$ cat input35.txt   # compact mmCIF, C-alpha atoms
# COMPACT_ATOMS: atom_id res chain seq x y z
CA PHE A 149 16.44 -91.57 35.41
CA ASP A 150 15.89 -88.27 33.65
CA LEU A 151 16.12 -88.96 29.94
CA SER A 152 14.59 -87.34 26.90
CA ALA A 153 14.79 -88.30 23.26
CA ASP A 154 13.91 -86.47 20.08
CA ILE A 155 12.98 -89.17 17.57
CA GLN A 156 13.35 -88.41 13.88
CA ASN A 157 12.53 -90.89 11.09
CA PHE A 158 13.09 -93.97 13.25
CA ASN A 159 12.22 -97.11 11.29
CA ILE A 160 10.40 -99.31 13.82
CA GLY A 161 9.41 -102.05 11.34
CA PRO A 162 12.51 -104.29 11.75
CA LEU A 163 12.19 -104.07 15.54
CA MET A 164 8.53 -105.15 15.46
CA ALA A 165 9.31 -108.04 13.10
CA ALA A 166 12.09 -109.26 15.43
CA LEU A 167 9.90 -109.46 18.54
CA PRO A 168 9.22 -113.07 19.63
CA GLY A 169 5.85 -114.64 19.00
CA PRO A 170 5.89 -113.23 16.40
CA VAL A 171 4.01 -110.18 17.65
CA MET A 172 3.74 -108.85 14.10
CA THR A 173 4.05 -110.51 10.71
CA ALA A 174 6.99 -109.61 8.47
CA GLN A 175 4.54 -108.35 5.85
CA GLY A 176 2.85 -106.07 8.36
CA ALA A 177 6.18 -104.75 9.69
CA LYS A 178 7.08 -103.61 6.19
CA GLN A 179 4.03 -101.34 6.15
CA LEU A 180 5.24 -99.32 9.13
CA GLY A 181 6.77 -96.01 8.15
CA PRO A 182 9.19 -93.77 10.07
CA MET A 183 8.39 -92.60 13.61
CA THR A 184 8.87 -89.05 14.89
CA GLY A 185 8.18 -87.31 18.17
CA LYS A 186 9.51 -86.81 21.67
CA LEU A 187 9.93 -89.38 24.44
CA ALA A 188 10.82 -88.76 28.10
CA ILE A 189 11.70 -91.23 30.88
CA LYS A 190 11.85 -89.96 34.47
CA GLY A 191 11.97 -91.41 37.98
CA ALA A 192 13.44 -94.32 39.89
CA LEU A 193 13.55 -97.77 38.35
CA ASP A 194 10.58 -98.94 40.41
CA ASN A 195 8.54 -95.80 39.68
CA LEU A 196 9.24 -94.76 36.11
CA THR A 197 7.16 -92.22 34.24
CA LEU A 198 7.03 -92.48 30.46
CA GLY A 199 5.94 -89.39 28.56
CA MET A 200 5.07 -89.08 24.87
CA GLN A 201 4.67 -85.88 22.89
CA ASN A 202 3.47 -85.94 19.28
CA LEU A 203 4.73 -89.50 18.89
CA ALA A 204 3.55 -90.15 15.35
CA MET A 205 4.08 -92.80 12.71
CA ARG A 206 2.83 -93.53 9.24
CA GLY A 207 1.62 -97.00 8.47
CA PHE A 208 -1.18 -99.07 6.89
CA GLY A 209 -2.08 -96.21 4.61
CA GLY A 210 -2.64 -93.61 7.34
CA THR A 211 -1.13 -91.98 10.41
CA MET A 212 -1.09 -92.94 14.11
CA ALA A 213 -0.30 -90.51 16.93
CA LEU A 214 0.04 -90.75 20.74
CA ASN A 215 0.27 -88.06 23.39
CA GLY A 216 0.34 -88.35 27.16
CA GLY A 217 2.04 -90.36 29.84
CA ILE A 218 2.29 -93.58 31.82
CA THR A 219 3.12 -93.23 35.52
CA ASP A 220 4.73 -96.10 37.45
CA ALA A 221 5.03 -97.99 34.18
CA ALA A 222 6.40 -101.20 35.74
CA ASP A 223 3.48 -101.62 38.18
CA PRO A 224 0.32 -103.52 37.11
CA THR A 225 -1.73 -100.70 38.68
CA ARG A 226 0.06 -98.06 36.58
CA LYS A 227 -1.66 -94.79 35.81
CA LEU A 228 -2.47 -93.96 32.20
CA ASP A 229 -3.38 -90.71 30.55
CA LEU A 230 -3.07 -91.14 26.80
CA THR A 231 -4.80 -89.64 23.80
CA PHE A 232 -4.67 -91.44 20.46
CA ASP A 233 -5.51 -90.44 16.92
CA PHE A 234 -5.64 -92.97 14.09
CA ASP A 235 -6.38 -91.21 10.82
CA LYS A 236 -7.37 -93.11 7.66
CA VAL A 237 -5.69 -96.34 8.76
CA GLU A 238 -6.52 -99.51 6.82
CA LEU A 239 -7.95 -101.41 9.77
CA GLY A 240 -8.22 -104.80 8.05
CA GLN A 241 -4.57 -104.72 6.98
CA MET A 242 -3.50 -103.72 10.49
CA MET A 243 -5.49 -106.53 12.14
CA ALA A 244 -4.06 -109.07 9.70
CA ALA A 245 -0.55 -107.92 10.68
CA PHE A 246 -1.05 -109.02 14.29
CA PRO A 247 -1.63 -112.81 14.57
CA ALA A 248 -3.09 -112.45 18.07
CA ALA A 249 -6.02 -110.47 16.58
CA GLY A 250 -7.31 -113.66 14.94
CA ALA A 251 -8.91 -111.83 12.01
CA SER A 252 -10.04 -114.10 9.18
CA PRO A 253 -9.00 -113.14 5.63
CA ALA A 254 -12.63 -112.30 4.77
CA LEU A 255 -12.98 -110.03 7.81
CA ALA A 256 -9.66 -108.31 7.14
CA GLN A 257 -10.68 -107.74 3.53
CA GLY A 258 -14.03 -106.22 4.53
CA LEU A 259 -12.62 -103.71 7.03
CA LYS A 260 -11.27 -100.65 5.26
CA THR A 261 -10.35 -97.13 6.34
CA ALA A 262 -10.69 -96.31 10.04
CA THR A 263 -10.55 -92.97 11.81
CA ILE A 264 -10.41 -93.47 15.58
CA LYS A 265 -9.87 -90.73 18.12
CA GLY A 266 -10.06 -91.11 21.86
CA GLN A 267 -8.47 -91.28 25.26
CA VAL A 268 -7.36 -93.96 27.72
CA LYS A 269 -7.22 -93.10 31.41
CA SER A 270 -6.74 -95.22 34.48
CA ALA A 271 -6.02 -94.93 38.16
CA GLY A 272 -5.04 -98.36 39.41
CA ALA A 273 -7.23 -101.16 38.07
CA SER A 274 -10.03 -98.99 36.63
CA PRO A 275 -9.21 -98.11 33.02
CA SER A 276 -11.50 -95.82 31.08
CA LEU A 277 -11.76 -95.76 27.29
CA THR A 278 -13.38 -92.86 25.48
CA LEU A 279 -14.10 -92.95 21.75
CA ASN A 280 -15.01 -89.67 20.05
CA PRO A 281 -15.70 -91.24 17.67
CA ALA A 282 -14.47 -94.45 16.06
CA THR A 283 -15.59 -94.65 12.42
CA VAL A 284 -14.78 -97.55 10.12
CA GLN A 285 -15.53 -97.90 6.42
CA ALA A 286 -16.54 -101.55 6.29
CA PHE A 287 -18.18 -103.88 3.76
CA GLY A 288 -19.13 -101.00 1.50
CA GLY A 289 -20.68 -98.94 4.31
CA THR A 290 -19.90 -97.32 7.64
CA ILE A 291 -19.84 -98.46 11.28
CA ALA A 292 -19.45 -95.87 14.05
CA VAL A 293 -19.15 -96.07 17.85
CA SER A 294 -18.74 -93.23 20.34
CA GLY A 295 -18.88 -92.93 24.11
CA THR A 296 -17.12 -94.19 27.21
CA VAL A 297 -16.47 -97.54 28.86
CA THR A 298 -15.01 -97.55 32.38
CA ASP A 299 -13.58 -100.61 34.13
CA ALA A 300 -15.50 -103.03 31.93
CA SER A 301 -14.26 -106.15 33.75
CA SER A 302 -15.59 -105.28 37.23
CA PRO A 303 -18.94 -104.71 39.04
CA ALA A 304 -18.04 -101.00 39.13
CA ALA A 305 -18.19 -100.80 35.31
CA LYS A 306 -19.88 -97.89 33.56
CA TYR A 307 -21.13 -97.93 29.97
CA ASP A 308 -22.31 -95.00 27.89
CA LEU A 309 -22.09 -95.85 24.20
CA VAL A 310 -23.87 -94.95 20.98
CA ALA A 311 -23.49 -97.16 17.90
CA SER A 312 -24.62 -96.81 14.29
CA ALA A 313 -24.19 -98.94 11.19
CA ASN A 314 -25.11 -98.58 7.55
CA VAL A 315 -23.84 -101.57 5.59
CA PRO A 316 -25.55 -102.05 2.20
CA SER A 317 -25.45 -105.86 2.22
CA LEU A 318 -26.12 -107.99 5.30
CA TYR A 319 -25.13 -111.01 3.21
CA GLN A 320 -21.68 -109.57 2.55
CA LEU A 321 -21.21 -108.81 6.25
CA LEU A 322 -22.22 -112.32 7.35
CA SER A 323 -19.93 -113.82 4.70
CA ALA A 324 -16.94 -112.47 6.64
CA PHE A 325 -17.77 -114.90 9.46
CA TYR A 326 -19.32 -117.88 7.62
CA ARG A 327 -20.76 -118.72 4.19
CA PRO A 328 -24.57 -118.27 4.20
CA ALA A 329 -26.58 -120.81 2.29
CA MET A 330 -28.00 -118.33 -0.18
CA GLN A 331 -28.08 -114.66 -1.16
CA MET A 332 -30.38 -112.36 0.77
CA ALA A 333 -31.43 -108.85 -0.09
CA GLY A 334 -31.22 -105.88 2.22
CA PRO A 335 -28.77 -103.94 4.39
CA LEU A 336 -27.81 -103.86 8.04
CA ALA A 337 -28.79 -100.37 9.09
CA PHE A 338 -29.47 -98.71 12.44
CA ASN A 339 -28.71 -95.29 13.91
CA ASN A 340 -27.79 -94.18 17.41
CA VAL A 341 -28.46 -97.37 19.33
CA LYS A 342 -27.74 -96.56 22.97
CA LEU A 343 -26.08 -98.82 25.55
CA VAL A 344 -26.10 -97.18 28.97
CA GLY A 345 -25.57 -98.80 32.35
CA ASP A 346 -23.21 -100.17 34.93
CA GLY A 347 -21.79 -103.45 36.15
CA LYS A 348 -25.28 -104.63 37.14
CA ARG A 349 -27.44 -103.69 34.14
CA VAL A 350 -26.94 -102.25 30.67
CA GLN A 351 -29.99 -100.78 28.96
CA ILE A 352 -30.36 -101.14 25.18
CA THR A 353 -32.62 -98.51 23.61
CA ASN A 354 -33.39 -97.06 20.19
CA LEU A 355 -32.52 -100.31 18.40
CA VAL A 356 -34.52 -99.50 15.27
CA GLY A 357 -33.40 -100.42 11.80
CA THR A 358 -33.16 -103.07 9.11
CA ALA A 359 -31.50 -106.48 9.00
CA GLY A 360 -31.67 -107.89 5.49
CA PRO A 361 -35.34 -108.17 4.44
CA MET A 362 -36.65 -107.46 7.94
CA GLY A 363 -37.37 -104.30 9.85
CA ILE A 364 -36.50 -104.50 13.56
CA SER A 365 -37.49 -102.44 16.58
CA ALA A 366 -36.18 -103.65 19.94
CA GLN A 367 -35.36 -102.56 23.44
CA GLY A 368 -34.28 -104.32 26.61
CA PHE A 369 -31.35 -104.87 28.90
CA PHE A 370 -28.46 -107.11 29.89
CA ALA A 371 -28.48 -107.93 33.61
CA LEU A 372 -25.09 -108.85 35.08
CA ASP A 373 -25.82 -109.05 38.81
CA GLY A 374 -27.55 -112.45 39.02
CA LYS A 375 -26.27 -115.99 39.22
CA ARG A 376 -25.62 -115.73 35.49
CA PRO A 377 -25.96 -113.02 32.80
CA LYS A 378 -29.51 -112.38 31.64
CA ILE A 379 -30.86 -110.78 28.49
CA ASP A 380 -34.37 -109.36 28.44
CA MET A 381 -35.57 -108.08 25.05
CA GLU A 382 -38.83 -107.07 23.42
CA ILE A 383 -38.48 -107.43 19.66
CA LYS A 384 -40.93 -106.24 17.02
CA THR A 385 -40.34 -107.02 13.38
CA SER A 386 -41.83 -106.35 9.99
CA GLY A 387 -41.30 -108.27 6.78
CA ASP A 388 -40.39 -111.90 6.18
CA LEU A 389 -37.81 -114.08 7.93
CA PHE A 390 -36.32 -116.78 5.71
CA ILE A 391 -34.29 -118.84 8.18
CA ASP A 392 -32.62 -121.05 5.56
CA ALA A 393 -30.85 -118.03 4.07
CA PHE A 394 -28.98 -117.49 7.36
CA MET A 395 -27.83 -121.10 7.67
CA PRO A 396 -24.27 -122.13 6.72
CA ALA A 397 -24.03 -123.33 3.13
CA ASP A 398 -22.42 -126.66 4.05
CA ALA A 399 -25.21 -127.53 6.47
CA GLN A 400 -27.83 -126.54 3.90
CA LYS A 401 -26.79 -129.45 1.67
CA ARG A 402 -28.19 -131.92 4.20
CA THR A 403 -31.91 -132.56 4.44
CA ASP A 404 -32.13 -133.42 8.14
CA ILE A 405 -32.61 -130.92 10.94
CA MET A 406 -29.42 -131.76 12.84
CA PRO A 407 -27.04 -129.22 11.19
CA TYR A 408 -29.25 -126.34 12.32
CA TRP A 409 -29.63 -127.73 15.84
CA ARG A 410 -25.91 -128.44 16.07
CA MET A 411 -25.02 -124.90 14.91
CA LEU A 412 -27.39 -123.16 17.34
CA PHE A 413 -26.71 -125.42 20.33
CA PRO A 414 -23.32 -127.10 19.79
CA ASP A 415 -23.10 -128.43 23.36
CA LEU A 416 -26.60 -129.83 23.73
CA LEU A 417 -26.20 -133.15 21.94
CA PRO A 418 -23.32 -135.64 22.05
CA ALA A 419 -21.58 -135.91 18.68
CA ALA A 420 -22.14 -139.68 18.67
CA ASP A 421 -25.91 -139.16 18.82
CA GLU A 422 -26.19 -137.18 15.59
CA ARG A 423 -27.81 -140.07 13.79
CA GLY A 424 -30.61 -140.05 16.38
CA ILE A 425 -32.64 -137.09 15.08
CA GLN A 426 -33.25 -137.01 11.35
CA LEU A 427 -36.82 -135.86 11.36
CA ALA A 428 -37.01 -134.74 7.77
CA GLN A 429 -35.78 -138.08 6.49
CA ALA A 430 -37.80 -140.31 8.82
CA GLN A 431 -39.78 -142.94 6.93
CA PRO A 432 -43.44 -143.60 7.81
CA LYS A 433 -44.11 -146.76 9.71
CA PRO A 434 -44.95 -149.62 7.30
CA ALA A 435 -48.52 -150.82 7.63
CA ALA A 436 -47.49 -154.45 8.14
CA ALA A 437 -44.80 -153.79 10.73
CA PRO A 438 -45.65 -155.23 14.16
CA ALA A 439 -45.97 -152.83 17.08
CA PRO A 440 -42.84 -152.66 19.20
CA GLN A 441 -42.95 -154.79 22.35
CA ALA A 442 -42.68 -153.05 25.69
CA ALA A 443 -39.57 -153.96 27.66
CA PRO A 444 -37.95 -152.87 30.90
CA TYR A 445 -35.70 -149.87 30.44
CA GLN A 446 -32.03 -150.66 30.03
CA PRO A 447 -29.22 -148.18 29.29
CA VAL A 448 -28.66 -148.23 25.56
CA GLN A 449 -25.25 -148.25 23.91
CA ILE A 450 -24.89 -146.27 20.68
CA ALA A 451 -24.96 -148.82 17.88
CA ALA A 452 -25.28 -148.80 14.12
CA PRO A 453 -28.26 -146.80 12.79
CA PRO A 454 -31.50 -148.79 12.42
CA PRO A 455 -32.79 -149.65 8.96
CA ALA A 456 -34.82 -147.02 7.13
CA ASN A 457 -38.08 -148.96 7.65
CA ALA A 458 -37.64 -149.30 11.42
CA PRO A 459 -40.40 -147.93 13.69
CA ILE A 460 -40.07 -144.22 14.35
CA ASP A 461 -39.53 -144.64 18.11
CA ALA A 462 -36.47 -146.80 17.48
CA ARG A 463 -34.75 -143.84 15.89
CA TRP A 464 -34.68 -141.84 19.13
CA SER A 465 -31.68 -142.26 21.37
CA ARG A 466 -32.04 -142.87 25.09
CA VAL A 467 -28.78 -141.07 25.81
CA PRO A 468 -29.68 -138.05 28.00
CA PHE A 469 -29.30 -134.64 26.39
CA ASN A 470 -26.50 -132.51 27.77
CA VAL A 471 -28.28 -129.23 28.58
CA ASP A 472 -25.39 -127.55 30.41
CA ALA A 473 -25.25 -124.89 27.69
CA LEU A 474 -28.72 -123.67 28.76
CA LYS A 475 -27.31 -122.87 32.20
CA ALA A 476 -24.82 -120.29 30.90
CA TYR A 477 -27.43 -117.51 30.50
CA ASP A 478 -30.93 -116.56 31.56
CA ALA A 479 -33.25 -114.88 29.08
CA ASN A 480 -36.68 -113.42 28.59
CA LEU A 481 -37.57 -112.78 24.94
CA ARG A 482 -40.80 -111.43 23.50
CA LEU A 483 -41.23 -111.53 19.72
CA SER A 484 -44.07 -110.02 17.72
CA GLY A 485 -44.97 -108.69 14.30
CA VAL A 486 -43.27 -111.39 12.20
CA GLN A 487 -45.36 -111.50 9.04
CA SER A 488 -43.84 -114.69 7.69
CA VAL A 489 -41.24 -117.23 8.85
CA ARG A 490 -39.96 -119.91 6.49
CA PHE A 491 -37.76 -122.83 7.48
CA GLN A 492 -37.07 -125.51 4.87
CA LYS A 493 -40.57 -126.53 3.66
CA TYR A 494 -42.39 -125.12 6.70
CA SER A 495 -44.04 -121.71 6.79
CA PHE A 496 -45.53 -119.71 9.68
CA GLY A 497 -47.44 -116.43 9.51
CA ASN A 498 -48.25 -113.66 11.98
CA LEU A 499 -45.96 -115.17 14.60
CA THR A 500 -45.78 -114.00 18.21
CA ALA A 501 -43.87 -115.78 20.94
CA GLN A 502 -42.67 -115.39 24.51
CA VAL A 503 -39.79 -117.53 25.72
CA SER A 504 -37.93 -117.53 29.02
CA LEU A 505 -34.81 -119.35 30.13
CA THR A 506 -34.17 -119.61 33.88
CA ASP A 507 -31.73 -121.89 35.71
CA GLY A 508 -31.26 -123.98 32.58
CA VAL A 509 -35.00 -124.51 32.01
CA ALA A 510 -36.54 -123.07 28.82
CA THR A 511 -40.24 -122.21 29.03
CA ILE A 512 -42.43 -121.23 26.08
CA SER A 513 -45.30 -119.41 27.74
CA GLN A 514 -46.87 -118.27 24.49
CA ILE A 515 -46.52 -119.02 20.81
CA LYS A 516 -49.13 -118.00 18.25
CA GLY A 517 -49.11 -118.10 14.50
CA GLN A 518 -50.65 -119.52 11.36
CA THR A 519 -49.44 -122.61 9.55
CA PHE A 520 -50.90 -125.33 7.32
CA GLY A 521 -54.02 -123.19 6.89
CA GLY A 522 -54.84 -122.96 10.59
$ encode --input "input35.txt" --output "structure tokens"
Amino acid sequence: FDLSADIQNFNIGPLMAALPGPVMTAQGAKQLGPMTGKLAIKGALDNLTLGMQNLAMRGFGGTMALNGGITDAADPTRKLDLTFDFDKVELGQMMAAFPAAGASPALAQGLKTATIKGQVKSAGASPSLTLNPATVQAFGGTIAVSGTVTDASSPAAKYDLVASANVPSLYQLLSAFYRPAMQMAGPLAFNNVKLVGDGKRVQITNLVGTAGPMGISAQGFFALDGKRPKIDMEIKTSGDLFIDAFMPADAQKRTDIMPYWRMLFPDLLPAADERGIQLAQAQPKPAAAPAPQAAPYQPVQIAAPPPANAPIDARWSRVPFNVDALKAYDANLRLSGVQSVRFQKYSFGNLTAQVSLTDGVATISQIKGQTFGG
């Protein structure tokens, strides 16, 4: 093959809408404007080279352009050398147009104009993505990422990224993913957080900024060369942490602790055992109630909940906890500087803690703070 085409005002929308899947929604296809540029196809059928020169298109409020080539396009180990330039594209609208993106309506509404410039290169199975930079107007502020990621799915991966964010309302950002229980003041703001490393370890440095009412300063690393991924972080904070404000609104309506536990660790407890831990609602043991009689252990079937005046120990299930979720990651976290932590009616001050998670076993080696006047 030795073909070249000069494309002028080609309307690609109907073609995208007709692809099976559908790949693109009919509404999104209507936002695609005419395409212009030059296209070249050269080589044998089993070794085709596709070249693009100033292949540009208007759509989603901005322009999109590609330059470069794809060598041996039919082979999974094809070679890529492409530059791309997305200028003032409405990113939320574009994501909503592709069902496979899975963007919620709230997320699509929060993502606005994006300007993304970069390059994709690969030789065989080692693709490299360079962003210089990617800037998105989002949730009333700006999110920016620049740098390079090479072969992210393999042990030979390389990471060299810098990220910044300045979003005026953390509450508005979180609301794109779930509905927080209550309003919270403060932005999400950090500048030039660095992620540098390889397929074994990625260092996180210069993580200094604000998350809602709290100031945060953290550094650490992700380790990827062990039996399982490990995160090791030292986190210093300033200000107050009001945990209830971060909880989902639907769970906040309940007075027991289970919704929070279930949200944080969805795989730890069987769904049938939810009635087993309702600490906040537990009734004190009546003075006249006889002490429970000891009995040989027998496996217990889940039955109807005990009456409200039953002894406290009868409320605890004997069904073993499923702790498989703790075996997915290892961790070592050190927290300090928290002036105040509030959760429901409980309050802790001057909190420091050190927690590790290894081979599915969580160990709290240190926890210090002030509560109930002591």
$ residues_around --input "input35.txt" --residues "Asn157 in chain A" --least-positions-apart "5" --cutoff "10 Å" --atoms "only C-alpha atoms" --output "MDAnalysis selection string"
chainID A and resid 181:185 204:205
$ atom_distance --input "input35.txt" --atom1 "CA of Lys265 in chain A" --atom2 "CA of Thr283 in chain A"
9.0 Å
$ closest_atom_pairs --input "input35.txt" --of "range 176-268 of chain A" --to "range 325-333 of chain A" --cutoff "10 Å" --atoms "all atoms listed in the file" --output "CSV"
residue,atom,partner,partner_atom,distance
A:Ala251,CA,A:Phe325,CA,9.7
A:Ser252,CA,A:Phe325,CA,7.8
A:Pro253,CA,A:Phe325,CA,9.7
A:Ala254,CA,A:Phe325,CA,7.4
A:Leu255,CA,A:Phe325,CA,7.0
$ closest_residue --input "input35.txt" --among "A:Ala311, A:Ser386, A:Val293, A:Leu474" --to "Gly508 in chain A" --atoms "all atoms listed in the file"
A:Leu474
$ atom_distance --input "input35.txt" --atom1 "CA of Thr278 in chain A" --atom2 "CA of Met243 in chain A"
20.7 Å
$ residues_around --input "input35.txt" --residues "range 364-371 of chain A" --least-positions-apart "4" --cutoff "8 Å" --atoms "all atoms listed in the file" --output "list in words"
Lys348, Arg349, Val350, Gln351, Ile352, Thr353, Asn354, Leu355, Val356, Gly357, Thr358, Ala359, Pro377, Lys378, Ile379, Asp380, Met381, Glu382, Ile383, Lys384, Thr385 and Ser386 of chain A
$ closest_residue --input "input35.txt" --among "A:Ser513, A:Asn280, A:Gln285, A:Thr173" --to "Lys260 in chain A" --atoms "all atoms listed in the file"
A:Gln285
$ residues_around --input "input35.txt" --residues "Leu318 in chain A" --least-positions-apart "3" --cutoff "8 Å" --atoms "only C-alpha atoms" --output "ChimeraX atom specification"
/A:315,321-322,332-336,359-360
$ write_last_selection --input "input35.txt" --atoms "C-alpha atoms" --output "compact mmCIF listing (two decimals), in the coordinates of the input"
# COMPACT_ATOMS: atom_id res chain seq x y z
CA VAL A 315 -23.84 -101.57 5.59
CA LEU A 321 -21.21 -108.81 6.25
CA LEU A 322 -22.22 -112.32 7.35
CA MET A 332 -30.38 -112.36 0.77
CA ALA A 333 -31.43 -108.85 -0.09
CA GLY A 334 -31.22 -105.88 2.22
CA PRO A 335 -28.77 -103.94 4.39
CA LEU A 336 -27.81 -103.86 8.04
CA ALA A 359 -31.50 -106.48 9.00
CA GLY A 360 -31.67 -107.89 5.49
$ atom_distance --input "input35.txt" --atom1 "CA of Gly258 in chain A" --atom2 "CA of Ala313 in chain A"
14.2 Å
$ residues_around --input "input35.txt" --residues "range 514-516 of chain A" --least-positions-apart "2" --cutoff "9 Å" --atoms "all atoms listed in the file" --output "list in words"
Asn498, Leu499, Thr500, Ala501, Gln502, Val503, Thr511, Ile512 and Gln518 of chain A
$ residues_around --input "input35.txt" --residues "Phe208 in chain A" --least-positions-apart "4" --cutoff "6 Å" --atoms "only C-alpha atoms" --output "PyMOL selection string"
chain A and resi 179+237-238
